[in-house]
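Right, one structure below, let's go through it.
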Amino acid sequence: MFEAEGDSRSHPEQLSRRFGQDRIGGIIAIGLGLVALGEAARLYHLRTGTLVGDHVMPGAIGMFLVILGAVLAVHAEGNTPTEKLPRGRTLVRLCGSFAILFAYWFLMDRLGYLASTFLVIIGLFKTMSQYGWLRSILYAAIVSVTLSYLFMNLLNIALPVGVIGVG
Amino acid sequence: MDTIHLLIAGFGSALTPTNLMMAMLGALIGSIAGMIPGVGPTPAIAILMPLTTALGPTQGVIMLSGIYYGAIYGGSTTAILLNIPAELQAVPVCFDGYPLAQQGRGGPALGIAAISSFVAGVMGVIGLVFFAPLLADQALAFGPAEYFALMMLTLTVIVNLSGNSVIKGLIMGLSGYLLSLVGMGPASTQARFTFGIEPLTAGIEMISVIIGLFAIAEVFHSFGEHESKAPSPKLGSVYPRLTDLRDTVPTMLRSGLVGFLLGLLPGCSPAVSAFLSYDLEKRIAKKPEEFGQGALRGVAAPEAAGNATCSAGFIPLFTLGIPSSPPLAILLAGLMIYGLQPGPMLFQGNGDFVWAVVASMFIGNVMLLVLHLPLVGIWVKLTQIPLRILQPLILLLCVVGVYSVRNSMFDVLVSFVLGGVGYFLKSFKWPLVPFILCFMLGPLTERSFIQSMAISDGSFSIFVHSPIALTILIFAAGLFVFSIAFMRRAHTRRRALQLATTE
Amino acid sequence: MPDRPKALLRDRRSIGKKGKVTKMIRRRILGLALGVFTATMGAALTQQVVAASSDASDYPSKPVQLVVPFTAGGGTDVISRVVATFLSQKWGKAVNVVNRPGAGGATGTSDVLKSNADGYVALAHNGSSTEALIAGNTNLPFSIRDYRFVATVINEPFGLLVKADSPFKSLKELNDWVKANPDQLTFGSTGPTSIQTFTVIQWLDSIGVDFAKARLVPSNGGGELLPQIAGGHVIVGFQDVTGATPLVKAGKLKLLAVTGTQRTSLFPDVPTFAEEGAPGVTTHFWSGFSLPAGTPDAIAQKWEAALKDIMNDPAFLDKLKSINAQGGFLDSTAFAQMISHDMDTYKQIVKDKSLIK
């Protein structure tokens with residue numbers, strides 16, 4: 001429905017992949033809808049009117065999500081070609097960078113902004129930007145100190161200080 | 001006239017050296033951001049907004065406006081020089097801009113683009129000055145029922161912003177709404193969708209979503225693309241000839257007007273105006289075949305329309321608190337973070353501030369012209385900053401940005417999670433704009449609805465009894481149907497074209 | 001491609017002597033950077049380690065965080081920023097306002113009350129986020145006992161607001177109409193157990209109207225509610241007089257009465273509920289500061305003394321006037337007493353009207 005169909009016609013093998021993708025998308029949508037309906041049911045008893053209460057929106061959204069998700073899953077007609085997800089080394093680097101981000105979140109409260117930023121920049125410059133160790137450490141030092149100074153001293157933003165007490 | 005006095009007072013407070021510097025800095029940063037493909041006004045404002053919270057509200061918003069205008073304009077530089085539109089509304093600029101650059105007339109093209117932008121920007125700000133107070137007073141007539149109708153109208157725009165698939169757009173919109181519901185419910189003060197995760201009771205912060213979905217996902221999306229080599233073409237003189245100017249001024253004014261009127265409608269993005277005005281100019285031109293080969297008018301039209309829409313977008317933003325486009329949505333978030341309630345209260349409660357900002361918008365437009373005409377050469381060099389340095393830096397700025405809004409590392413975590421989600425959504429071509437739009441509008445829509453129901457004791461008659469609400473709702477329904485029909489026709493036409501070309 | 005930096009190095013090395021020099025320069029730069037870095041970290045570390053001590057004689061020895069559990073721009077936030085500026089000047093160390101909104105004030109409050117009671121994290125709060133919140137919610141992660149109340153700087157009544165061109169010229173006319181049409185009354189409030197709801201309950205009780213008949217229109221706060229009243233969409237609302245001032249002065253809202261027994265200096269012509277025969281409407285709006293329970297006495301007393309000084313500072317009083325606020329200082333004892341009294345009142349209301357399901 002309402003999709004550019006010209007492309008899908010010409011690539012049968014991509015056809016099946018796209019069908020799968022849209023179907024999965026539709027099923028996820030249905031799932032979300034059901035969760036919403038669940039919350040609506042849970043909140044129903046707190047209402048102060050049939051349509052006055054916190055259950056209204058979740059209920060309405062849940063309903064539409066289930067309907068539209070079903071339509072998408074059933075009618076999956078493919079779309080303009082999706083981009084290929086990265087493979088091989090790029091994929092490793094991508095996941096690595098992402099993992100580093102989460103490590104950043106984990107470290108921030110414990111090590112404070114300066115230290116965790118320093119470590120994370122080394123990590124990111126190695127995985128994302130593919131610099132060598134030398135340049136990564138060099139840039140990491142410069143950038144982390146600069147940013148720390150900029151944010152904490154100049155802009156007075158209270159960044160986490162961590163267990164070792166250095167912000 | 002009262003307005004003139006207020007405006008002059010606004011200029012008075014805006015023309016302080018610091019504020020001028022802020023506007024200039026904002027325009028500069030915005031231009032740089034706008035020039036980097038993938039970083040348009042939305043991520044630029046999103047990333048830099050928390051930094052501006054360190055400034056006072058006036059200076060912060062002045063800077064944000066500068067960034068906004070700068071970023072809007074910045075995209076056309078790369079569009080003309082490199083055939084790379086940095087954002088959607090720069091796409092029509094490529095059509096004639098790049099051929100012009102290849103003919104060695106990149107300079108005049110850039111010059112006309114800058115001047116068109118300026119003219120349209122000034123038109124838009126004048127419109128804001130004279131129409132806004134009218135709208136501001138009218139705005140009090142907007143109660144819950146009217147707001148709800150307005151929300152419904154804005155939602156119909158999702159159809160147009162959905163890219164290729166309306167269903168996916170609608171699903172994204174609904175998901176965005178759903179996400180906005182996490183936290184305390186408005187009516188019962190009960191926690192919703194928290195599933196026992198305590199930090200979620202505070203809700204999900206808008207900036208986590210914006211930065212996660214747009215900035216972080218964007219960075220990962222362009223992963224591994226370090227190696228884009230961009231040759232710098234010969235530019236020639238930057239200044240357009242007088243004949244060029246005479247030729248394009250009518251276009252600028254026409255497109256500016258079109259852009260402005262469209263910009264008054266919430267949900268009409270600058271890209272739409274850019275495409276529409278390009279189309280219009282082409283239709284009424286004496287020599288339409290020039291378009292696409294290097295017609296200066298083809299550059300002037302989308303530039304002017306786009307900027308006019310952006311300026312006009314400030315009117316519903318200031319007077320009704322309704323953002324017309326994603327960057328304005330983020331600007332709205334910025335205003336709200338400053339505790340300034342856009343809406344009728346903004347003019348009445350913070351009159352001086354608003355007029356100072358309006359004055360700065362004038363100034364910002366001038367700054368843009370000043371910046372770009374002489375500095376084009378530098379801009380081109382900047383496009384070539386290696387992505388590999390940029391990517392980690394953007395991520396770092398994002399982290400601090402998100403953290404600084406609520407001093408919550410949890411917000412940062414949410415933005416990372418959403419970054420991952422956004423990455424997949426982008427790869428599978430799910431439109432992100434409906435998501436963010438509905439996430440942002442969700443709470444207001446829900447509250448308006450519940451309030452309307454509370455006032456009317458549960459009956460829908462409140463929507464019928466209000467002439468404003470009823471009109472808007474009917475218009476929204478009509479627009480929705482029309483948009484879908486329009487898209488259907490466009491797709492059929494496109495398919496026919498493809499079939500014709502493949503044969 | 002990852003070859004690029006390696007290619008650069010290769011080029012450099014192939015230049016021979018020049019390459020060696022460049023390598024040495026790079027090593028030096030790296031060494032310098034690391035040195036700078038270590039020095040900075042060391043300096044920062046030393047500063048922090050020397051800092052914290054519970055002796056109030058050198059308090060504060062490092063910046064203080066003042067947590068405001070609301071979004072920026074609200075009444076309490078604004079006054080906190082003003083106070084923070086004055087405190088910074090007084091103590092010579094930064095007092096930084098940090099916004100931590102959420103859950104009606106619960107998020108920020110619990111963050112402060114759970115932190116180390118060393119005096120470097122303080123709480124700015126008001127009636128909505130304290131007694132009203134605690135009386136109305138059973139599942140909060142903190143209780144009254146977790147507070148060490150220091151002082152209030154603002155104490156003012158709530159005002160009853162209707163739109164400027166409303167047919168009700170006085171509280172009496174409004175009361176008559178409400179008695180005749182209780183189920184047509186709509187009022188705005190941030191929730192079923194918010195301070196505004198309590199006020200409405202007290203008011204309706206005083207005129208003998210059944211509260212259950214009135215319709216609560218949920219709202220986000222004054223910023224949303226006041227335009228709704230001004231536009232005639234909601235009939236009645238209660239707001240602290242500071243928040244109501246802009247629209248009243250702009251001629252869009254009418255103030256019919258104020259809570260409590262004393263007229264407010266901001267609107268001396270407006271009668272109190274007590275004067276109009278309803279002495280039971282006693283809610284009020286205050287903004288104040290507190291520390292977590294267990295904070296050393298010396299530090300808490302230093303705060304209290306500083307706030308008292310500020311309240312007598314003419315520059316501060318000027319600031320109050322410019323933000324339309326009504327000052328009202330309560331020292332720690334009076335503050336704690338007020339809280340306890342309010343808690344009893346609100347808990348009673350909650351019980352009487354079965355507001356908690």
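Here, A, B, ... name the chains of the structure tokens in the order displayed, residue numbers run from 1 inside each chain, and ligands are numbered from 1 in the same displayed order.
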Identify, with DSSP run on backbone atoms, the residues in range 18-115 of chain A assigned to alpha helix (DSSP H), and express the list as a CSV table (one decimal) with N, CA and C atoms, in the first residue's frame.
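Saved to part-v8.csv:
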chain,number,residue,atom,x,y,z
A,18,ARG,N,12.8,-8.5,1.8
A,18,ARG,CA,12.1,-7.4,2.2
A,18,ARG,C,10.7,-7.8,2.8
A,19,PHE,N,10.2,-8.8,2.2
A,19,PHE,CA,8.9,-9.3,2.8
A,19,PHE,C,9.1,-9.6,4.2
A,20,GLY,N,10.2,-10.4,4.5
A,20,GLY,CA,10.6,-10.7,5.8
A,20,GLY,C,10.7,-9.5,6.7
A,21,GLN,N,11.4,-8.5,6.2
A,21,GLN,CA,11.7,-7.4,7.1
A,21,GLN,C,10.4,-6.7,7.4
A,22,ASP,N,9.5,-6.5,6.4
A,22,ASP,CA,8.3,-5.8,6.7
A,22,ASP,C,7.4,-6.6,7.6
A,23,ARG,N,7.4,-7.9,7.4
A,23,ARG,CA,6.6,-8.7,8.3
A,23,ARG,C,7.1,-8.6,9.7
A,24,ILE,N,8.4,-8.7,9.9
A,24,ILE,CA,8.9,-8.6,11.3
A,24,ILE,C,8.5,-7.3,11.9
A,25,GLY,N,8.6,-6.2,11.0
A,25,GLY,CA,8.3,-4.9,11.5
A,25,GLY,C,6.8,-4.9,12.0
A,26,GLY,N,6.0,-5.5,11.1
A,26,GLY,CA,4.5,-5.5,11.5
A,26,GLY,C,4.3,-6.3,12.8
A,27,ILE,N,5.0,-7.4,12.9
A,27,ILE,CA,4.8,-8.2,14.2
A,27,ILE,C,5.3,-7.4,15.4
A,28,ILE,N,6.4,-6.7,15.2
A,28,ILE,CA,6.9,-5.9,16.4
A,28,ILE,C,5.8,-4.8,16.7
A,29,ALA,N,5.3,-4.2,15.7
A,29,ALA,CA,4.2,-3.2,15.9
A,29,ALA,C,3.1,-3.8,16.7
A,30,ILE,N,2.7,-5.0,16.3
A,30,ILE,CA,1.5,-5.7,17.0
A,30,ILE,C,1.9,-5.9,18.4
A,31,GLY,N,3.2,-6.3,18.6
A,31,GLY,CA,3.6,-6.6,20.0
A,31,GLY,C,3.5,-5.3,20.8
A,32,LEU,N,4.0,-4.2,20.3
A,32,LEU,CA,4.0,-2.9,21.0
A,32,LEU,C,2.5,-2.6,21.3
A,33,GLY,N,1.7,-2.8,20.4
A,33,GLY,CA,0.2,-2.5,20.6
A,33,GLY,C,-0.3,-3.3,21.7
A,34,LEU,N,0.1,-4.6,21.8
A,34,LEU,CA,-0.5,-5.4,22.9
A,34,LEU,C,0.0,-4.9,24.2
A,35,VAL,N,1.3,-4.5,24.3
A,35,VAL,CA,1.8,-4.0,25.5
A,35,VAL,C,1.0,-2.8,26.0
A,36,ALA,N,0.7,-1.9,25.0
A,36,ALA,CA,0.0,-0.7,25.3
A,36,ALA,C,-1.4,-1.0,25.8
A,37,LEU,N,-2.0,-2.0,25.1
A,37,LEU,CA,-3.4,-2.4,25.6
A,37,LEU,C,-3.3,-2.9,27.0
A,38,GLY,N,-2.3,-3.6,27.3
A,38,GLY,CA,-2.1,-4.2,28.6
A,38,GLY,C,-2.0,-3.1,29.7
A,39,GLU,N,-1.2,-2.1,29.4
A,39,GLU,CA,-1.1,-1.0,30.4
A,39,GLU,C,-2.5,-0.3,30.5
A,40,ALA,N,-3.2,-0.1,29.4
A,40,ALA,CA,-4.5,0.5,29.4
A,40,ALA,C,-5.4,-0.2,30.4
A,41,ALA,N,-5.4,-1.5,30.2
A,41,ALA,CA,-6.3,-2.4,31.1
A,41,ALA,C,-5.9,-2.2,32.5
A,42,ARG,N,-4.6,-2.1,32.8
A,42,ARG,CA,-4.1,-2.0,34.2
A,42,ARG,C,-4.6,-0.6,34.8
A,43,LEU,N,-4.7,0.4,34.0
A,43,LEU,CA,-5.0,1.7,34.5
A,43,LEU,C,-6.5,2.0,34.5
A,56,VAL,N,-6.7,6.1,28.4
A,56,VAL,CA,-7.3,6.4,27.1
A,56,VAL,C,-6.2,6.3,26.0
A,57,MET,N,-5.1,7.1,26.2
A,57,MET,CA,-4.1,7.1,25.1
A,57,MET,C,-3.5,5.7,24.9
A,58,PRO,N,-3.0,5.1,25.9
A,58,PRO,CA,-2.5,3.7,25.7
A,58,PRO,C,-3.5,2.8,25.0
A,59,GLY,N,-4.7,2.9,25.4
A,59,GLY,CA,-5.7,2.0,24.7
A,59,GLY,C,-5.8,2.3,23.2
A,60,ALA,N,-6.0,3.6,22.9
A,60,ALA,CA,-6.2,4.0,21.5
A,60,ALA,C,-5.0,3.6,20.7
A,61,ILE,N,-3.8,4.0,21.2
A,61,ILE,CA,-2.6,3.7,20.5
A,61,ILE,C,-2.4,2.2,20.3
A,62,GLY,N,-2.6,1.5,21.4
A,62,GLY,CA,-2.5,0.1,21.3
A,62,GLY,C,-3.3,-0.5,20.2
A,63,MET,N,-4.6,-0.1,20.2
A,63,MET,CA,-5.5,-0.6,19.2
A,63,MET,C,-5.0,-0.3,17.7
A,64,PHE,N,-4.6,1.0,17.5
A,64,PHE,CA,-4.1,1.3,16.2
A,64,PHE,C,-2.9,0.6,15.8
A,65,LEU,N,-2.0,0.4,16.7
A,65,LEU,CA,-0.7,-0.3,16.5
A,65,LEU,C,-1.0,-1.7,16.0
A,66,VAL,N,-1.9,-2.4,16.8
A,66,VAL,CA,-2.2,-3.8,16.4
A,66,VAL,C,-2.8,-3.8,15.0
A,67,ILE,N,-3.7,-2.9,14.7
A,67,ILE,CA,-4.3,-2.9,13.4
A,67,ILE,C,-3.3,-2.7,12.3
A,68,LEU,N,-2.6,-1.6,12.5
A,68,LEU,CA,-1.6,-1.2,11.4
A,68,LEU,C,-0.5,-2.3,11.3
A,69,GLY,N,-0.1,-2.8,12.4
A,69,GLY,CA,1.0,-3.8,12.4
A,69,GLY,C,0.5,-5.1,11.6
A,70,ALA,N,-0.8,-5.4,11.9
A,70,ALA,CA,-1.4,-6.5,11.2
A,70,ALA,C,-1.4,-6.3,9.7
A,71,VAL,N,-1.8,-5.0,9.3
A,71,VAL,CA,-1.9,-4.7,7.9
A,71,VAL,C,-0.5,-4.8,7.3
A,72,LEU,N,0.5,-4.3,7.9
A,72,LEU,CA,1.8,-4.3,7.4
A,72,LEU,C,2.3,-5.7,7.2
A,73,ALA,N,2.1,-6.5,8.3
A,73,ALA,CA,2.6,-7.9,8.2
A,73,ALA,C,2.0,-8.7,7.1
A,74,VAL,N,0.7,-8.4,6.9
A,74,VAL,CA,0.0,-9.2,5.9
A,74,VAL,C,0.3,-8.6,4.5
A,75,HIS,N,0.3,-7.3,4.4
A,75,HIS,CA,0.5,-6.7,3.1
A,75,HIS,C,1.9,-6.4,2.6
A,88,GLY,N,31.6,-8.3,8.3
A,88,GLY,CA,33.0,-8.5,8.5
A,88,GLY,C,33.6,-7.5,9.5
A,89,ARG,N,34.8,-7.0,9.1
A,89,ARG,CA,35.5,-6.1,10.0
A,89,ARG,C,34.7,-4.9,10.4
A,90,THR,N,34.1,-4.3,9.4
A,90,THR,CA,33.3,-3.1,9.7
A,90,THR,C,32.3,-3.4,10.7
A,91,LEU,N,31.6,-4.6,10.7
A,91,LEU,CA,30.6,-4.9,11.6
A,91,LEU,C,31.2,-5.0,13.0
A,92,VAL,N,32.4,-5.6,13.1
A,92,VAL,CA,33.1,-5.7,14.4
A,92,VAL,C,33.4,-4.4,14.9
A,93,ARG,N,33.9,-3.5,14.1
A,93,ARG,CA,34.2,-2.1,14.5
A,93,ARG,C,32.9,-1.4,15.0
A,94,LEU,N,31.9,-1.6,14.2
A,94,LEU,CA,30.6,-0.9,14.6
A,94,LEU,C,30.1,-1.4,15.9
A,95,CYS,N,30.1,-2.7,16.1
A,95,CYS,CA,29.6,-3.2,17.4
A,95,CYS,C,30.6,-2.8,18.5
A,96,GLY,N,31.9,-2.8,18.2
A,96,GLY,CA,32.8,-2.4,19.2
A,96,GLY,C,32.6,-0.9,19.7
A,97,SER,N,32.4,-0.1,18.7
A,97,SER,CA,32.1,1.3,19.0
A,97,SER,C,30.9,1.5,19.9
A,98,PHE,N,29.9,0.7,19.5
A,98,PHE,CA,28.7,0.8,20.3
A,98,PHE,C,28.9,0.3,21.7
A,99,ALA,N,29.6,-0.8,21.8
A,99,ALA,CA,29.9,-1.3,23.1
A,99,ALA,C,30.7,-0.3,24.0
A,100,ILE,N,31.6,0.4,23.3
A,100,ILE,CA,32.3,1.4,24.0
A,100,ILE,C,31.4,2.5,24.6
A,101,LEU,N,30.4,2.8,23.8
A,101,LEU,CA,29.4,3.8,24.3
A,101,LEU,C,28.8,3.4,25.6
A,102,PHE,N,28.4,2.1,25.6
A,102,PHE,CA,27.8,1.6,26.8
A,102,PHE,C,28.7,1.6,28.0
A,103,ALA,N,30.0,1.2,27.6
A,103,ALA,CA,31.0,1.2,28.6
A,103,ALA,C,31.2,2.6,29.2
A,104,TYR,N,31.1,3.6,28.3
A,104,TYR,CA,31.2,5.0,28.8
A,104,TYR,C,30.1,5.3,29.8
A,105,TRP,N,28.9,4.9,29.5
A,105,TRP,CA,27.9,5.1,30.5
A,105,TRP,C,28.2,4.5,31.8
A,106,PHE,N,28.7,3.2,31.8
A,106,PHE,CA,29.0,2.5,33.0
A,106,PHE,C,30.1,3.1,33.8
A,107,LEU,N,31.1,3.6,33.0
A,107,LEU,CA,32.3,4.1,33.7
A,107,LEU,C,32.1,5.5,34.3
A,108,MET,N,31.2,6.3,33.6
A,108,MET,CA,31.1,7.7,33.9
A,108,MET,C,30.9,7.9,35.4
A,109,ASP,N,29.9,7.2,36.0
A,109,ASP,CA,29.6,7.4,37.4
A,109,ASP,C,30.7,7.0,38.3
A,110,ARG,N,31.5,6.0,37.8
A,110,ARG,CA,32.5,5.4,38.7
A,110,ARG,C,33.8,6.1,38.6
A,111,LEU,N,34.2,6.5,37.4
A,111,LEU,CA,35.5,7.1,37.2
A,111,LEU,C,35.4,8.6,37.0
A,112,GLY,N,34.3,9.1,36.9
A,112,GLY,CA,34.2,10.6,36.7
A,112,GLY,C,34.4,10.9,35.2
A,113,TYR,N,34.1,12.2,34.8
A,113,TYR,CA,34.0,12.5,33.4
A,113,TYR,C,35.4,12.5,32.8
A,114,LEU,N,36.4,13.1,33.4
A,114,LEU,CA,37.7,13.2,32.7
A,114,LEU,C,38.3,11.8,32.4
A,115,ALA,N,38.4,11.0,33.4
A,115,ALA,CA,39.0,9.7,33.2
A,115,ALA,C,38.2,8.8,32.2
Q) Excluding same-chain residues fewer than 4 positions from Asp344 in chain C, what lies within 12 Å of it counting only C-alpha atoms, as a ChimeraX atom specification? A) /C:131-132,134-136,144,337-340,348-351
Q) What gap, in Å, lies between CA of Lys163 in chain C and CA of Lys254 in chain C? A) 5.6 Å
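Relative to CA of His45 in chain A, CA of Asp205 in chain C is found at 26.7 Å.
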Q: Using only C-alpha atoms, determine which residues lie at most 7 Å from range 233-235 of chain C, disregarding the query and same-chain residues fewer than 2 positions distant; provide the list as a list in words.
A: Gly143 of chain B; Val162, Leu185, Thr186, Phe187, Gly188, Gln228, Ile229 and Gly231 of chain C
Counting only C-alpha atoms, which residues of chain C sit at most 10 Å from some atom of chain B, and what is each one's closest atom pair with its distance in Å to one decimal, listed by chain and rising residue number, as CSV?
residue,atom,partner,partner_atom,distance
C:Met1,CA,B:Glu227,CA,6.6
C:Pro2,CA,B:His226,CA,9.7
C:Pro69,CA,B:Arg406,CA,9.9
C:Phe70,CA,B:Gly339,CA,9.8
C:Thr71,CA,B:Gly339,CA,6.6
C:Ala72,CA,B:Gly339,CA,4.9
C:Gly73,CA,B:Gly339,CA,3.8
C:Gly74,CA,B:Gly339,CA,6.6
C:Asp77,CA,B:Gly339,CA,9.3
C:Val78,CA,B:Gly339,CA,9.7
C:Val98,CA,B:Asn407,CA,7.4
C:Asn99,CA,B:Arg406,CA,6.0
C:Arg100,CA,B:Arg406,CA,5.3
C:Pro101,CA,B:Arg406,CA,7.2
C:Gly102,CA,B:Ala202,CA,4.4
C:Ala103,CA,B:Ala202,CA,5.6
C:Gly104,CA,B:Thr189,CA,8.4
C:Gly105,CA,B:Ala202,CA,9.5
C:Ala106,CA,B:Ala202,CA,8.9
C:Thr107,CA,B:Ala202,CA,6.8
C:Gly108,CA,B:Ala202,CA,9.7
C:Asn137,CA,B:Thr189,CA,9.3
C:Asp183,CA,B:Asp457,CA,9.5
C:Gln184,CA,B:Ile455,CA,8.8
C:Leu185,CA,B:Ile455,CA,8.9
C:Thr186,CA,B:Ile455,CA,6.4
C:Phe187,CA,B:Ile455,CA,8.9
C:Gly188,CA,B:Gln451,CA,9.1
C:Ser189,CA,B:Ala187,CA,9.7
C:Thr190,CA,B:Pro186,CA,7.9
C:Gly191,CA,B:Ala187,CA,6.2
C:Pro192,CA,B:Ser188,CA,6.9
C:Thr193,CA,B:Thr189,CA,8.9
C:Ser194,CA,B:Thr189,CA,9.9
C:Arg215,CA,B:Ala454,CA,6.5
C:Leu216,CA,B:Ala454,CA,6.8
C:Val217,CA,B:Gln451,CA,5.4
C:Pro218,CA,B:Ala187,CA,5.8
C:Ser219,CA,B:Arg447,CA,7.4
C:Asn220,CA,B:Pro186,CA,7.8
C:Gly223,CA,B:Gln341,CA,6.4
C:Glu224,CA,B:Gln341,CA,8.2
C:Leu225,CA,B:Gly143,CA,9.9
C:Leu226,CA,B:Met345,CA,8.8
C:Pro227,CA,B:Leu140,CA,6.3
C:Gln228,CA,B:Gly143,CA,5.9
C:Ile229,CA,B:Gly143,CA,9.0
C:Ala230,CA,B:Leu140,CA,7.0
C:Gly231,CA,B:Leu140,CA,5.1
C:Gly232,CA,B:Ala141,CA,8.1
C:His233,CA,B:Gly143,CA,5.8
C:Val234,CA,B:Ile455,CA,7.3
C:Ile235,CA,B:Ile455,CA,9.5
C:Thr245,CA,B:Gly349,CA,9.6
C:Pro246,CA,B:Gly349,CA,6.0
C:Leu247,CA,B:Gly349,CA,7.6
C:Ala250,CA,B:Gln348,CA,7.5
C:Lys252,CA,B:Leu140,CA,9.7
Q) Separation of CA of Val299 in chain B and CA of Leu262 in chain B, in Å? A) 19.0 Å
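Distance check against chain A using only C-alpha atoms: of B:Val119, B:Ile216, B:Ala114, B:Ala469, the minimum falls on B:Ile216.
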Q.
I'd like to know which of C:His125, C:His284, C:Lys319, C:Lys213 is closest to chain A, using only C-alpha atoms.
A. C:Lys213
Q | Spatial neighbours of Val83 in chain C, max dist 10 Å, only C-alpha atoms, sep filter under 4 positions, as a ChimeraX atom specification | A | /C:66,77-79,87-89,95,97,153,289,307,310-311,316,319
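Residue nearest chain A, chosen from C:Gln65, C:Val121, C:Gly294, C:Ala180 and counting only C-alpha atoms: C:Gln65.
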Q | Nearby residues (only C-alpha atoms) at most 12 Å from Lys172 in chain C, same-chain spacing under 6 positions excluded, as an MDAnalysis selection string | A | chainID C and resid 178:179 207 256:257 271 273 275:278
For the selection just defined, write its residues with N, CA and C atoms to a file, as a CSV table (one decimal), in the first residue's frame.
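Resulting contents of again_39.csv:
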chain,number,residue,atom,x,y,z
C,178,VAL,N,-22.0,28.4,42.3
C,178,VAL,CA,-21.6,27.0,42.5
C,178,VAL,C,-22.5,26.3,43.4
C,179,LYS,N,-23.1,26.9,44.4
C,179,LYS,CA,-24.1,26.2,45.2
C,179,LYS,C,-25.3,25.7,44.3
C,207,ILE,N,-18.5,26.2,51.7
C,207,ILE,CA,-19.8,26.7,51.3
C,207,ILE,C,-20.8,25.5,51.2
C,256,LEU,N,-10.3,36.8,42.8
C,256,LEU,CA,-11.5,37.0,43.6
C,256,LEU,C,-11.2,37.0,45.1
C,257,ALA,N,-10.3,36.1,45.5
C,257,ALA,CA,-10.0,36.0,46.9
C,257,ALA,C,-8.7,35.3,47.1
C,271,PRO,N,-9.9,40.5,48.9
C,271,PRO,CA,-10.2,40.0,50.2
C,271,PRO,C,-9.7,38.6,50.5
C,273,PHE,N,-10.2,34.8,52.1
C,273,PHE,CA,-11.4,33.8,52.3
C,273,PHE,C,-12.0,34.0,53.7
C,275,GLU,N,-12.1,36.7,55.4
C,275,GLU,CA,-13.0,37.9,55.4
C,275,GLU,C,-14.4,37.6,54.8
C,276,GLU,N,-14.3,36.7,53.8
C,276,GLU,CA,-15.6,36.4,53.1
C,276,GLU,C,-16.3,35.3,53.7
C,277,GLY,N,-16.0,35.0,54.9
C,277,GLY,CA,-16.8,34.0,55.7
C,277,GLY,C,-16.3,32.6,55.5
C,278,ALA,N,-15.1,32.4,55.0
C,278,ALA,CA,-14.7,31.0,54.8
C,278,ALA,C,-13.3,30.8,55.4
